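S.K.: Here you go, this is target-v3.pdb (PDB, N, CA and C atoms).
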```pdb
MODEL        1
ATOM      1  N   ILE A   1     -22.528 -14.679  68.569
ATOM      2  CA  ILE A   1     -21.760 -15.709  67.909
ATOM      3  C   ILE A   1     -22.707 -16.398  66.932
ATOM      4  N   ARG A   2     -22.249 -16.620  65.719
ATOM      5  CA  ARG A   2     -23.087 -17.265  64.712
ATOM      6  C   ARG A   2     -22.387 -18.520  64.191
ATOM      7  N   PHE A   3     -23.147 -19.608  64.086
ATOM      8  CA  PHE A   3     -22.650 -20.863  63.531
ATOM      9  C   PHE A   3     -23.513 -21.234  62.343
ATOM     10  N   LYS A   4     -22.869 -21.637  61.255
ATOM     11  CA  LYS A   4     -23.593 -22.063  60.055
ATOM     12  C   LYS A   4     -22.984 -23.356  59.546
ATOM     13  N   ASP A   5     -23.816 -24.150  58.872
ATOM     14  CA  ASP A   5     -23.288 -25.297  58.152
ATOM     15  C   ASP A   5     -23.873 -25.285  56.748
ATOM     16  N   ASN A   6     -23.465 -26.208  55.941
ATOM     17  CA  ASN A   6     -23.955 -26.243  54.559
ATOM     18  C   ASN A   6     -24.686 -27.545  54.277
ATOM     19  N   GLY A   7     -25.347 -28.082  55.299
ATOM     20  CA  GLY A   7     -26.111 -29.320  55.151
ATOM     21  C   GLY A   7     -27.464 -29.065  54.509
ATOM     22  N   THR A   8     -28.392 -29.963  54.767
ATOM     23  CA  THR A   8     -29.723 -29.882  54.161
ATOM     24  C   THR A   8     -30.660 -28.935  54.892
ATOM     25  N   GLY A   9     -30.246 -28.432  56.030
ATOM     26  CA  GLY A   9     -31.093 -27.513  56.791
ATOM     27  C   GLY A   9     -32.048 -28.245  57.709
ATOM     28  N   ILE A  10     -32.932 -27.502  58.332
ATOM     29  CA  ILE A  10     -33.897 -28.056  59.281
ATOM     30  C   ILE A  10     -35.293 -27.804  58.741
ATOM     31  N   SER A  11     -36.049 -28.861  58.602
ATOM     32  CA  SER A  11     -37.388 -28.748  58.022
ATOM     33  C   SER A  11     -38.306 -27.952  58.943
ATOM     34  N   PRO A  12     -39.308 -27.292  58.362
ATOM     35  CA  PRO A  12     -40.235 -26.494  59.181
ATOM     36  C   PRO A  12     -40.912 -27.299  60.287
ATOM     37  N   GLU A  13     -41.243 -28.565  60.020
ATOM     38  CA  GLU A  13     -41.923 -29.371  61.045
ATOM     39  C   GLU A  13     -40.997 -29.747  62.204
ATOM     40  N   ASN A  14     -39.683 -29.655  62.021
ATOM     41  CA  ASN A  14     -38.738 -29.986  63.084
ATOM     42  C   ASN A  14     -38.208 -28.769  63.834
ATOM     43  N   ARG A  15     -38.507 -27.579  63.375
ATOM     44  CA  ARG A  15     -37.960 -26.362  63.984
ATOM     45  C   ARG A  15     -38.345 -26.218  65.451
ATOM     46  N   GLU A  16     -39.528 -26.639  65.832
ATOM     47  CA  GLU A  16     -39.977 -26.508  67.225
ATOM     48  C   GLU A  16     -39.414 -27.609  68.113
ATOM     49  N   LYS A  17     -38.867 -28.671  67.522
ATOM     50  CA  LYS A  17     -38.436 -29.837  68.288
ATOM     51  C   LYS A  17     -36.934 -29.921  68.491
ATOM     52  N   ILE A  18     -36.134 -29.162  67.757
ATOM     53  CA  ILE A  18     -34.692 -29.404  67.716
ATOM     54  C   ILE A  18     -33.969 -29.204  69.046
ATOM     55  N   PHE A  19     -34.539 -28.448  69.955
ATOM     56  CA  PHE A  19     -33.887 -28.223  71.251
ATOM     57  C   PHE A  19     -34.430 -29.142  72.348
ATOM     58  N   LEU A  20     -35.311 -30.072  71.999
ATOM     59  CA  LEU A  20     -35.856 -31.017  72.964
ATOM     60  C   LEU A  20     -34.877 -32.174  73.167
ATOM     61  N   PRO A  21     -34.807 -32.708  74.394
ATOM     62  CA  PRO A  21     -33.910 -33.848  74.614
ATOM     63  C   PRO A  21     -34.397 -35.073  73.848
ATOM     64  N   ASN A  22     -33.453 -35.834  73.340
ATOM     65  CA  ASN A  22     -33.702 -37.092  72.630
ATOM     66  C   ASN A  22     -34.391 -36.923  71.288
ATOM     67  N   PHE A  23     -34.413 -35.717  70.726
ATOM     68  CA  PHE A  23     -34.968 -35.537  69.385
ATOM     69  C   PHE A  23     -33.847 -35.623  68.366
ATOM     70  N   SER A  24     -34.034 -36.471  67.387
ATOM     71  CA  SER A  24     -33.057 -36.613  66.309
ATOM     72  C   SER A  24     -33.761 -37.083  65.052
ATOM     73  N   THR A  25     -33.252 -36.688  63.920
ATOM     74  CA  THR A  25     -33.761 -37.182  62.650
ATOM     75  C   THR A  25     -32.841 -38.260  62.092
ATOM     76  N   LYS A  26     -31.793 -38.584  62.837
ATOM     77  CA  LYS A  26     -30.823 -39.587  62.406
ATOM     78  C   LYS A  26     -31.122 -40.940  63.054
ATOM     79  N   LYS A  27     -30.703 -42.012  62.386
ATOM     80  CA  LYS A  27     -30.922 -43.356  62.923
ATOM     81  C   LYS A  27     -30.000 -43.661  64.097
ATOM     82  N   THR A  28     -28.829 -43.016  64.149
ATOM     83  CA  THR A  28     -27.909 -43.222  65.260
ATOM     84  C   THR A  28     -27.755 -41.923  66.028
ATOM     85  N   GLY A  29     -27.250 -42.017  67.220
ATOM     86  CA  GLY A  29     -27.090 -40.826  68.047
ATOM     87  C   GLY A  29     -28.196 -40.742  69.069
ATOM     88  N   MET A  30     -27.990 -39.874  70.037
ATOM     89  CA  MET A  30     -28.932 -39.768  71.146
ATOM     90  C   MET A  30     -29.815 -38.529  71.073
ATOM     91  N   GLY A  31     -29.541 -37.614  70.172
ATOM     92  CA  GLY A  31     -30.365 -36.420  70.075
ATOM     93  C   GLY A  31     -30.197 -35.475  71.247
ATOM     94  N   LEU A  32     -28.984 -35.391  71.787
ATOM     95  CA  LEU A  32     -28.764 -34.535  72.947
ATOM     96  C   LEU A  32     -27.917 -33.306  72.642
ATOM     97  N   GLY A  33     -27.309 -33.227  71.482
ATOM     98  CA  GLY A  33     -26.378 -32.148  71.176
ATOM     99  C   GLY A  33     -26.966 -30.755  71.303
ATOM    100  N   LEU A  34     -28.006 -30.456  70.541
ATOM    101  CA  LEU A  34     -28.603 -29.119  70.598
ATOM    102  C   LEU A  34     -29.304 -28.868  71.926
ATOM    103  N   TYR A  35     -29.834 -29.911  72.533
ATOM    104  CA  TYR A  35     -30.441 -29.760  73.854
ATOM    105  C   TYR A  35     -29.392 -29.312  74.871
ATOM    106  N   MET A  36     -28.227 -29.971  74.854
ATOM    107  CA  MET A  36     -27.168 -29.629  75.800
ATOM    108  C   MET A  36     -26.636 -28.223  75.548
ATOM    109  N   ILE A  37     -26.439 -27.865  74.297
ATOM    110  CA  ILE A  37     -25.970 -26.512  73.963
ATOM    111  C   ILE A  37     -26.982 -25.484  74.444
ATOM    112  N   SER A  38     -28.248 -25.726  74.154
ATOM    113  CA  SER A  38     -29.310 -24.807  74.564
ATOM    114  C   SER A  38     -29.327 -24.631  76.081
ATOM    115  N   THR A  39     -29.190 -25.724  76.816
ATOM    116  CA  THR A  39     -29.188 -25.672  78.279
ATOM    117  C   THR A  39     -28.003 -24.867  78.793
ATOM    118  N   LEU A  40     -26.817 -25.128  78.258
ATOM    119  CA  LEU A  40     -25.623 -24.401  78.697
ATOM    120  C   LEU A  40     -25.711 -22.910  78.379
ATOM    121  N   VAL A  41     -26.222 -22.588  77.211
ATOM    122  CA  VAL A  41     -26.361 -21.175  76.834
ATOM    123  C   VAL A  41     -27.324 -20.472  77.785
ATOM    124  N   LYS A  42     -28.458 -21.099  78.075
ATOM    125  CA  LYS A  42     -29.437 -20.491  78.987
ATOM    126  C   LYS A  42     -28.880 -20.331  80.395
ATOM    127  N   GLN A  43     -28.100 -21.307  80.853
ATOM    128  CA  GLN A  43     -27.500 -21.232  82.186
ATOM    129  C   GLN A  43     -26.498 -20.088  82.293
ATOM    130  N   ASN A  44     -26.021 -19.607  81.163
ATOM    131  CA  ASN A  44     -25.054 -18.514  81.137
ATOM    132  C   ASN A  44     -25.667 -17.226  80.600
ATOM    133  N   ASN A  45     -26.956 -17.038  80.896
ATOM    134  CA  ASN A  45     -27.700 -15.822  80.539
ATOM    135  C   ASN A  45     -27.687 -15.529  79.048
ATOM    136  N   GLY A  46     -27.834 -16.569  78.252
ATOM    137  CA  GLY A  46     -27.842 -16.385  76.806
ATOM    138  C   GLY A  46     -29.071 -16.990  76.164
ATOM    139  N   SER A  47     -29.136 -16.825  74.870
ATOM    140  CA  SER A  47     -30.207 -17.424  74.079
ATOM    141  C   SER A  47     -29.612 -17.975  72.799
ATOM    142  N   ILE A  48     -30.264 -18.994  72.263
ATOM    143  CA  ILE A  48     -29.858 -19.580  70.999
ATOM    144  C   ILE A  48     -31.045 -19.498  70.046
ATOM    145  N   ILE A  49     -30.779 -19.015  68.858
ATOM    146  CA  ILE A  49     -31.835 -18.752  67.882
ATOM    147  C   ILE A  49     -31.493 -19.463  66.590
ATOM    148  N   LEU A  50     -32.445 -20.225  66.068
ATOM    149  CA  LEU A  50     -32.305 -20.811  64.743
ATOM    150  C   LEU A  50     -32.723 -19.746  63.744
ATOM    151  N   GLU A  51     -31.787 -19.330  62.899
ATOM    152  CA  GLU A  51     -32.075 -18.282  61.917
ATOM    153  C   GLU A  51     -32.476 -18.900  60.588
ATOM    154  N   ASP A  52     -33.262 -18.169  59.816
ATOM    155  CA  ASP A  52     -33.582 -18.599  58.469
ATOM    156  C   ASP A  52     -32.325 -18.571  57.622
ATOM    157  N   SER A  53     -32.173 -19.579  56.785
ATOM    158  CA  SER A  53     -31.001 -19.675  55.934
ATOM    159  C   SER A  53     -31.421 -20.256  54.593
ATOM    160  N   THR A  54     -30.772 -19.817  53.527
ATOM    161  CA  THR A  54     -31.121 -20.328  52.208
ATOM    162  C   THR A  54     -30.634 -21.758  52.015
ATOM    163  N   TYR A  55     -29.617 -22.163  52.768
ATOM    164  CA  TYR A  55     -29.149 -23.558  52.769
ATOM    165  C   TYR A  55     -28.502 -23.850  54.110
ATOM    166  N   GLY A  56     -28.528 -25.092  54.512
ATOM    167  CA  GLY A  56     -27.922 -25.462  55.784
ATOM    168  C   GLY A  56     -28.687 -24.907  56.965
ATOM    169  N   ALA A  57     -28.035 -24.913  58.108
ATOM    170  CA  ALA A  57     -28.623 -24.386  59.341
ATOM    171  C   ALA A  57     -27.755 -23.243  59.841
ATOM    172  N   SER A  58     -28.379 -22.261  60.445
ATOM    173  CA  SER A  58     -27.665 -21.114  60.991
ATOM    174  C   SER A  58     -28.215 -20.820  62.386
ATOM    175  N   PHE A  59     -27.315 -20.830  63.372
ATOM    176  CA  PHE A  59     -27.693 -20.565  64.753
ATOM    177  C   PHE A  59     -26.971 -19.325  65.251
ATOM    178  N   LYS A  60     -27.694 -18.499  65.991
ATOM    179  CA  LYS A  60     -27.099 -17.310  66.601
ATOM    180  C   LYS A  60     -27.180 -17.471  68.113
ATOM    181  N   LEU A  61     -26.041 -17.303  68.785
ATOM    182  CA  LEU A  61     -25.964 -17.338  70.238
ATOM    183  C   LEU A  61     -25.759 -15.920  70.727
ATOM    184  N   CYS A  62     -26.586 -15.485  71.661
ATOM    185  CA  CYS A  62     -26.493 -14.136  72.216
ATOM    186  C   CYS A  62     -26.351 -14.250  73.731
ATOM    187  N   PHE A  63     -25.439 -13.460  74.286
ATOM    188  CA  PHE A  63     -25.201 -13.464  75.722
ATOM    189  C   PHE A  63     -25.302 -12.045  76.253
ATOM    190  N   LEU A  64     -25.899 -11.922  77.438
ATOM    191  CA  LEU A  64     -26.002 -10.633  78.096
ATOM    192  C   LEU A  64     -24.696 -10.351  78.827
ATOM    193  N   ALA A  65     -24.251  -9.127  78.768
ATOM    194  CA  ALA A  65     -23.044  -8.728  79.506
ATOM    195  C   ALA A  65     -23.405  -8.647  80.984
ATOM    196  N   MET A  66     -22.564  -9.211  81.804
ATOM    197  CA  MET A  66     -22.801  -9.201  83.251
ATOM    198  C   MET A  66     -21.879  -8.164  83.890
ATOM    199  N   GLU A  67     -22.429  -7.360  84.781
ATOM    200  CA  GLU A  67     -21.625  -6.375  85.504
ATOM    201  C   GLU A  67     -21.171  -6.998  86.815
ATOM    202  N   ASN A  68     -19.945  -6.693  87.219
ATOM    203  CA  ASN A  68     -19.414  -7.212  88.491
ATOM    204  C   ASN A  68     -19.639  -6.230  89.607
TER     205      ASN A  68
ENDMDL
END
```
Mind converting the file's structure to structure tokens?

M.R.:
Amino acid sequence: IRFKDNGTGISPENREKIFLPNFSTKKTGMGLGLYMISTLVKQNNGSIILEDSTYGASFKLCFLAMEN
């Protein structure tokens, strides 16, 4: 699954921090959105990857198929 936006993107110095709890570049908000998404994806045998993009931010979510 891929999600993209057309915002200003994520600066190189923030790329390592975006999935940490309480990290935000905004004056308001709690900085929990990407942390919560990352946690939920990992709990469901997946990974979330910030992809390089010419504009905005692009995230790829990958999930492993589970056999019953």

S.K.: Mind telling me what the PyMOL selection byres (((chain A and resi 44-54 and name CA) around 10) and name CA) catches here, as a PDB file with N, CA and C atoms, in the coordinates of the input?

M.R.:
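Saved file out.pdb follows:
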```
ATOM      1  N   ILE A   1     -22.528 -14.679  68.569  1.00  0.00           N
ATOM      2  CA  ILE A   1     -21.760 -15.709  67.909  1.00  0.00           C
ATOM      3  C   ILE A   1     -22.707 -16.398  66.932  1.00  0.00           C
ATOM      4  N   ARG A   2     -22.249 -16.620  65.719  1.00  0.00           N
ATOM      5  CA  ARG A   2     -23.087 -17.265  64.712  1.00  0.00           C
ATOM      6  C   ARG A   2     -22.387 -18.520  64.191  1.00  0.00           C
ATOM      7  N   PHE A   3     -23.147 -19.608  64.086  1.00  0.00           N
ATOM      8  CA  PHE A   3     -22.650 -20.863  63.531  1.00  0.00           C
ATOM      9  C   PHE A   3     -23.513 -21.234  62.343  1.00  0.00           C
ATOM     10  N   LYS A   4     -22.869 -21.637  61.255  1.00  0.00           N
ATOM     11  CA  LYS A   4     -23.593 -22.063  60.055  1.00  0.00           C
ATOM     12  C   LYS A   4     -22.984 -23.356  59.546  1.00  0.00           C
ATOM     13  N   ASP A   5     -23.816 -24.150  58.872  1.00  0.00           N
ATOM     14  CA  ASP A   5     -23.288 -25.297  58.152  1.00  0.00           C
ATOM     15  C   ASP A   5     -23.873 -25.285  56.748  1.00  0.00           C
ATOM     16  N   ASN A   6     -23.465 -26.208  55.941  1.00  0.00           N
ATOM     17  CA  ASN A   6     -23.955 -26.243  54.559  1.00  0.00           C
ATOM     18  C   ASN A   6     -24.686 -27.545  54.277  1.00  0.00           C
ATOM     19  N   THR A   8     -28.392 -29.963  54.767  1.00  0.00           N
ATOM     20  CA  THR A   8     -29.723 -29.882  54.161  1.00  0.00           C
ATOM     21  C   THR A   8     -30.660 -28.935  54.892  1.00  0.00           C
ATOM     22  N   GLY A   9     -30.246 -28.432  56.030  1.00  0.00           N
ATOM     23  CA  GLY A   9     -31.093 -27.513  56.791  1.00  0.00           C
ATOM     24  C   GLY A   9     -32.048 -28.245  57.709  1.00  0.00           C
ATOM     25  N   ILE A  10     -32.932 -27.502  58.332  1.00  0.00           N
ATOM     26  CA  ILE A  10     -33.897 -28.056  59.281  1.00  0.00           C
ATOM     27  C   ILE A  10     -35.293 -27.804  58.741  1.00  0.00           C
ATOM     28  N   ARG A  15     -38.507 -27.579  63.375  1.00  0.00           N
ATOM     29  CA  ARG A  15     -37.960 -26.362  63.984  1.00  0.00           C
ATOM     30  C   ARG A  15     -38.345 -26.218  65.451  1.00  0.00           C
ATOM     31  N   GLU A  16     -39.528 -26.639  65.832  1.00  0.00           N
ATOM     32  CA  GLU A  16     -39.977 -26.508  67.225  1.00  0.00           C
ATOM     33  C   GLU A  16     -39.414 -27.609  68.113  1.00  0.00           C
ATOM     34  N   ILE A  18     -36.134 -29.162  67.757  1.00  0.00           N
ATOM     35  CA  ILE A  18     -34.692 -29.404  67.716  1.00  0.00           C
ATOM     36  C   ILE A  18     -33.969 -29.204  69.046  1.00  0.00           C
ATOM     37  N   PHE A  19     -34.539 -28.448  69.955  1.00  0.00           N
ATOM     38  CA  PHE A  19     -33.887 -28.223  71.251  1.00  0.00           C
ATOM     39  C   PHE A  19     -34.430 -29.142  72.348  1.00  0.00           C
ATOM     40  N   LEU A  34     -28.006 -30.456  70.541  1.00  0.00           N
ATOM     41  CA  LEU A  34     -28.603 -29.119  70.598  1.00  0.00           C
ATOM     42  C   LEU A  34     -29.304 -28.868  71.926  1.00  0.00           C
ATOM     43  N   ILE A  37     -26.439 -27.865  74.297  1.00  0.00           N
ATOM     44  CA  ILE A  37     -25.970 -26.512  73.963  1.00  0.00           C
ATOM     45  C   ILE A  37     -26.982 -25.484  74.444  1.00  0.00           C
ATOM     46  N   SER A  38     -28.248 -25.726  74.154  1.00  0.00           N
ATOM     47  CA  SER A  38     -29.310 -24.807  74.564  1.00  0.00           C
ATOM     48  C   SER A  38     -29.327 -24.631  76.081  1.00  0.00           C
ATOM     49  N   THR A  39     -29.190 -25.724  76.816  1.00  0.00           N
ATOM     50  CA  THR A  39     -29.188 -25.672  78.279  1.00  0.00           C
ATOM     51  C   THR A  39     -28.003 -24.867  78.793  1.00  0.00           C
ATOM     52  N   LEU A  40     -26.817 -25.128  78.258  1.00  0.00           N
ATOM     53  CA  LEU A  40     -25.623 -24.401  78.697  1.00  0.00           C
ATOM     54  C   LEU A  40     -25.711 -22.910  78.379  1.00  0.00           C
ATOM     55  N   VAL A  41     -26.222 -22.588  77.211  1.00  0.00           N
ATOM     56  CA  VAL A  41     -26.361 -21.175  76.834  1.00  0.00           C
ATOM     57  C   VAL A  41     -27.324 -20.472  77.785  1.00  0.00           C
ATOM     58  N   LYS A  42     -28.458 -21.099  78.075  1.00  0.00           N
ATOM     59  CA  LYS A  42     -29.437 -20.491  78.987  1.00  0.00           C
ATOM     60  C   LYS A  42     -28.880 -20.331  80.395  1.00  0.00           C
ATOM     61  N   GLN A  43     -28.100 -21.307  80.853  1.00  0.00           N
ATOM     62  CA  GLN A  43     -27.500 -21.232  82.186  1.00  0.00           C
ATOM     63  C   GLN A  43     -26.498 -20.088  82.293  1.00  0.00           C
ATOM     64  N   TYR A  55     -29.617 -22.163  52.768  1.00  0.00           N
ATOM     65  CA  TYR A  55     -29.149 -23.558  52.769  1.00  0.00           C
ATOM     66  C   TYR A  55     -28.502 -23.850  54.110  1.00  0.00           C
ATOM     67  N   GLY A  56     -28.528 -25.092  54.512  1.00  0.00           N
ATOM     68  CA  GLY A  56     -27.922 -25.462  55.784  1.00  0.00           C
ATOM     69  C   GLY A  56     -28.687 -24.907  56.965  1.00  0.00           C
ATOM     70  N   ALA A  57     -28.035 -24.913  58.108  1.00  0.00           N
ATOM     71  CA  ALA A  57     -28.623 -24.386  59.341  1.00  0.00           C
ATOM     72  C   ALA A  57     -27.755 -23.243  59.841  1.00  0.00           C
ATOM     73  N   SER A  58     -28.379 -22.261  60.445  1.00  0.00           N
ATOM     74  CA  SER A  58     -27.665 -21.114  60.991  1.00  0.00           C
ATOM     75  C   SER A  58     -28.215 -20.820  62.386  1.00  0.00           C
ATOM     76  N   PHE A  59     -27.315 -20.830  63.372  1.00  0.00           N
ATOM     77  CA  PHE A  59     -27.693 -20.565  64.753  1.00  0.00           C
ATOM     78  C   PHE A  59     -26.971 -19.325  65.251  1.00  0.00           C
ATOM     79  N   LYS A  60     -27.694 -18.499  65.991  1.00  0.00           N
ATOM     80  CA  LYS A  60     -27.099 -17.310  66.601  1.00  0.00           C
ATOM     81  C   LYS A  60     -27.180 -17.471  68.113  1.00  0.00           C
ATOM     82  N   LEU A  61     -26.041 -17.303  68.785  1.00  0.00           N
ATOM     83  CA  LEU A  61     -25.964 -17.338  70.238  1.00  0.00           C
ATOM     84  C   LEU A  61     -25.759 -15.920  70.727  1.00  0.00           C
ATOM     85  N   CYS A  62     -26.586 -15.485  71.661  1.00  0.00           N
ATOM     86  CA  CYS A  62     -26.493 -14.136  72.216  1.00  0.00           C
ATOM     87  C   CYS A  62     -26.351 -14.250  73.731  1.00  0.00           C
ATOM     88  N   PHE A  63     -25.439 -13.460  74.286  1.00  0.00           N
ATOM     89  CA  PHE A  63     -25.201 -13.464  75.722  1.00  0.00           C
ATOM     90  C   PHE A  63     -25.302 -12.045  76.253  1.00  0.00           C
ATOM     91  N   LEU A  64     -25.899 -11.922  77.438  1.00  0.00           N
ATOM     92  CA  LEU A  64     -26.002 -10.633  78.096  1.00  0.00           C
ATOM     93  C   LEU A  64     -24.696 -10.351  78.827  1.00  0.00           C
ATOM     94  N   ALA A  65     -24.251  -9.127  78.768  1.00  0.00           N
ATOM     95  CA  ALA A  65     -23.044  -8.728  79.506  1.00  0.00           C
ATOM     96  C   ALA A  65     -23.405  -8.647  80.984  1.00  0.00           C
ATOM     97  N   MET A  66     -22.564  -9.211  81.804  1.00  0.00           N
ATOM     98  CA  MET A  66     -22.801  -9.201  83.251  1.00  0.00           C
ATOM     99  C   MET A  66     -21.879  -8.164  83.890  1.00  0.00           C
TER     100      MET A  66
END
```

S.K.: Pick out each residue of chain A that DSSP on the backbone tags as helix (DSSP H, G or I); I need them as a VMD selection string.

M.R.: chain A and resid 12 to 14 33 to 43

S.K.: As an exercise, work out the distance from CA of Leu32 (chain A) to CA of Leu20 (chain A) in Å and give it to one decimal place.

M.R.: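 Taking CA of Leu32 (chain A) and CA of Leu20 (chain A), their separation equals 7.9 Å.
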
S.K.: Please indicate the distance in Å from CA of Glu13 (chain A) to CA of Lys26 (chain A), rounded to one decimal place.

M.R.: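 Result for CA of Glu13 (chain A) versus CA of Lys26 (chain A): 15.1 Å, one decimal.
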
S.K.: Dump as a ChimeraX atom specification all residues having an atom at most 5 Å from (-30.2, -34.7, 71.3), computed in the file's coordinates with only N, CA and C atoms.

M.R.: /A:21-23,30-35

S.K.: Could you please write out, as a ChimeraX atom specification, every residue of chain A that DSSP assigns to strand (DSSP E or B)?

M.R.: /A:2-4,46-51,58-63

S.K.: Pull out region 10-24 of chain A, keep N, CA, C and O atoms, and write it as an mmCIF file, in the first residue's frame.

M.R.:
```
data_model
loop_
_atom_site.group_PDB
_atom_site.id
_atom_site.type_symbol
_atom_site.label_atom_id
_atom_site.label_comp_id
_atom_site.auth_asym_id
_atom_site.auth_seq_id
_atom_site.Cartn_x
_atom_site.Cartn_y
_atom_site.Cartn_z
ATOM 1 N N ILE A 10 9.660 15.751 3.768
ATOM 2 C CA ILE A 10 10.324 15.558 5.057
ATOM 3 C C ILE A 10 11.807 15.822 4.871
ATOM 4 O O ILE A 10 12.448 15.207 4.016
ATOM 5 N N SER A 11 12.326 16.728 5.658
ATOM 6 C CA SER A 11 13.730 17.118 5.520
ATOM 7 C C SER A 11 14.647 15.960 5.898
ATOM 8 O O SER A 11 14.285 15.100 6.704
ATOM 9 N N PRO A 12 15.846 15.934 5.315
ATOM 10 C CA PRO A 12 16.788 14.845 5.620
ATOM 11 C C PRO A 12 17.096 14.711 7.109
ATOM 12 O O PRO A 12 17.224 13.600 7.614
ATOM 13 N N GLU A 13 17.179 15.832 7.829
ATOM 14 C CA GLU A 13 17.502 15.755 9.262
ATOM 15 C C GLU A 13 16.350 15.183 10.092
ATOM 16 O O GLU A 13 16.564 14.717 11.203
ATOM 17 N N ASN A 14 15.132 15.167 9.559
ATOM 18 C CA ASN A 14 13.986 14.628 10.286
ATOM 19 C C ASN A 14 13.626 13.200 9.889
ATOM 20 O O ASN A 14 12.792 12.577 10.532
ATOM 21 N N ARG A 15 14.244 12.666 8.865
ATOM 22 C CA ARG A 15 13.889 11.334 8.364
ATOM 23 C C ARG A 15 14.067 10.247 9.417
ATOM 24 O O ARG A 15 13.284 9.310 9.476
ATOM 25 N N GLU A 16 15.057 10.358 10.271
ATOM 26 C CA GLU A 16 15.305 9.334 11.295
ATOM 27 C C GLU A 16 14.386 9.495 12.498
ATOM 28 O O GLU A 16 14.265 8.583 13.306
ATOM 29 N N LYS A 17 13.718 10.641 12.626
ATOM 30 C CA LYS A 17 12.931 10.940 13.819
ATOM 31 C C LYS A 17 11.434 10.777 13.627
ATOM 32 O O LYS A 17 10.691 10.751 14.617
ATOM 33 N N ILE A 18 10.940 10.684 12.401
ATOM 34 C CA ILE A 18 9.504 10.807 12.154
ATOM 35 C C ILE A 18 8.648 9.711 12.782
ATOM 36 O O ILE A 18 7.467 9.931 13.018
ATOM 37 N N PHE A 19 9.223 8.572 13.086
ATOM 38 C CA PHE A 19 8.445 7.484 13.694
ATOM 39 C C PHE A 19 8.599 7.431 15.215
ATOM 40 O O PHE A 19 8.067 6.533 15.857
ATOM 41 N N LEU A 20 9.299 8.395 15.801
ATOM 42 C CA LEU A 20 9.470 8.452 17.247
ATOM 43 C C LEU A 20 8.244 9.099 17.890
ATOM 44 O O LEU A 20 7.652 10.017 17.311
ATOM 45 N N PRO A 21 7.872 8.644 19.094
ATOM 46 C CA PRO A 21 6.725 9.272 19.760
ATOM 47 C C PRO A 21 7.044 10.713 20.138
ATOM 48 O O PRO A 21 8.180 11.037 20.498
ATOM 49 N N ASN A 22 6.045 11.561 20.026
ATOM 50 C CA ASN A 22 6.120 12.975 20.404
ATOM 51 C C ASN A 22 7.026 13.810 19.517
ATOM 52 O O ASN A 22 7.390 14.927 19.888
ATOM 53 N N PHE A 23 7.396 13.319 18.337
ATOM 54 C CA PHE A 23 8.176 14.138 17.409
ATOM 55 C C PHE A 23 7.232 14.835 16.446
ATOM 56 O O PHE A 23 6.401 14.212 15.805
ATOM 57 N N SER A 24 7.378 16.132 16.350
ATOM 58 C CA SER A 24 6.571 16.919 15.419
ATOM 59 C C SER A 24 7.338 18.160 15.013
ATOM 60 O O SER A 24 8.134 18.688 15.789
#
```
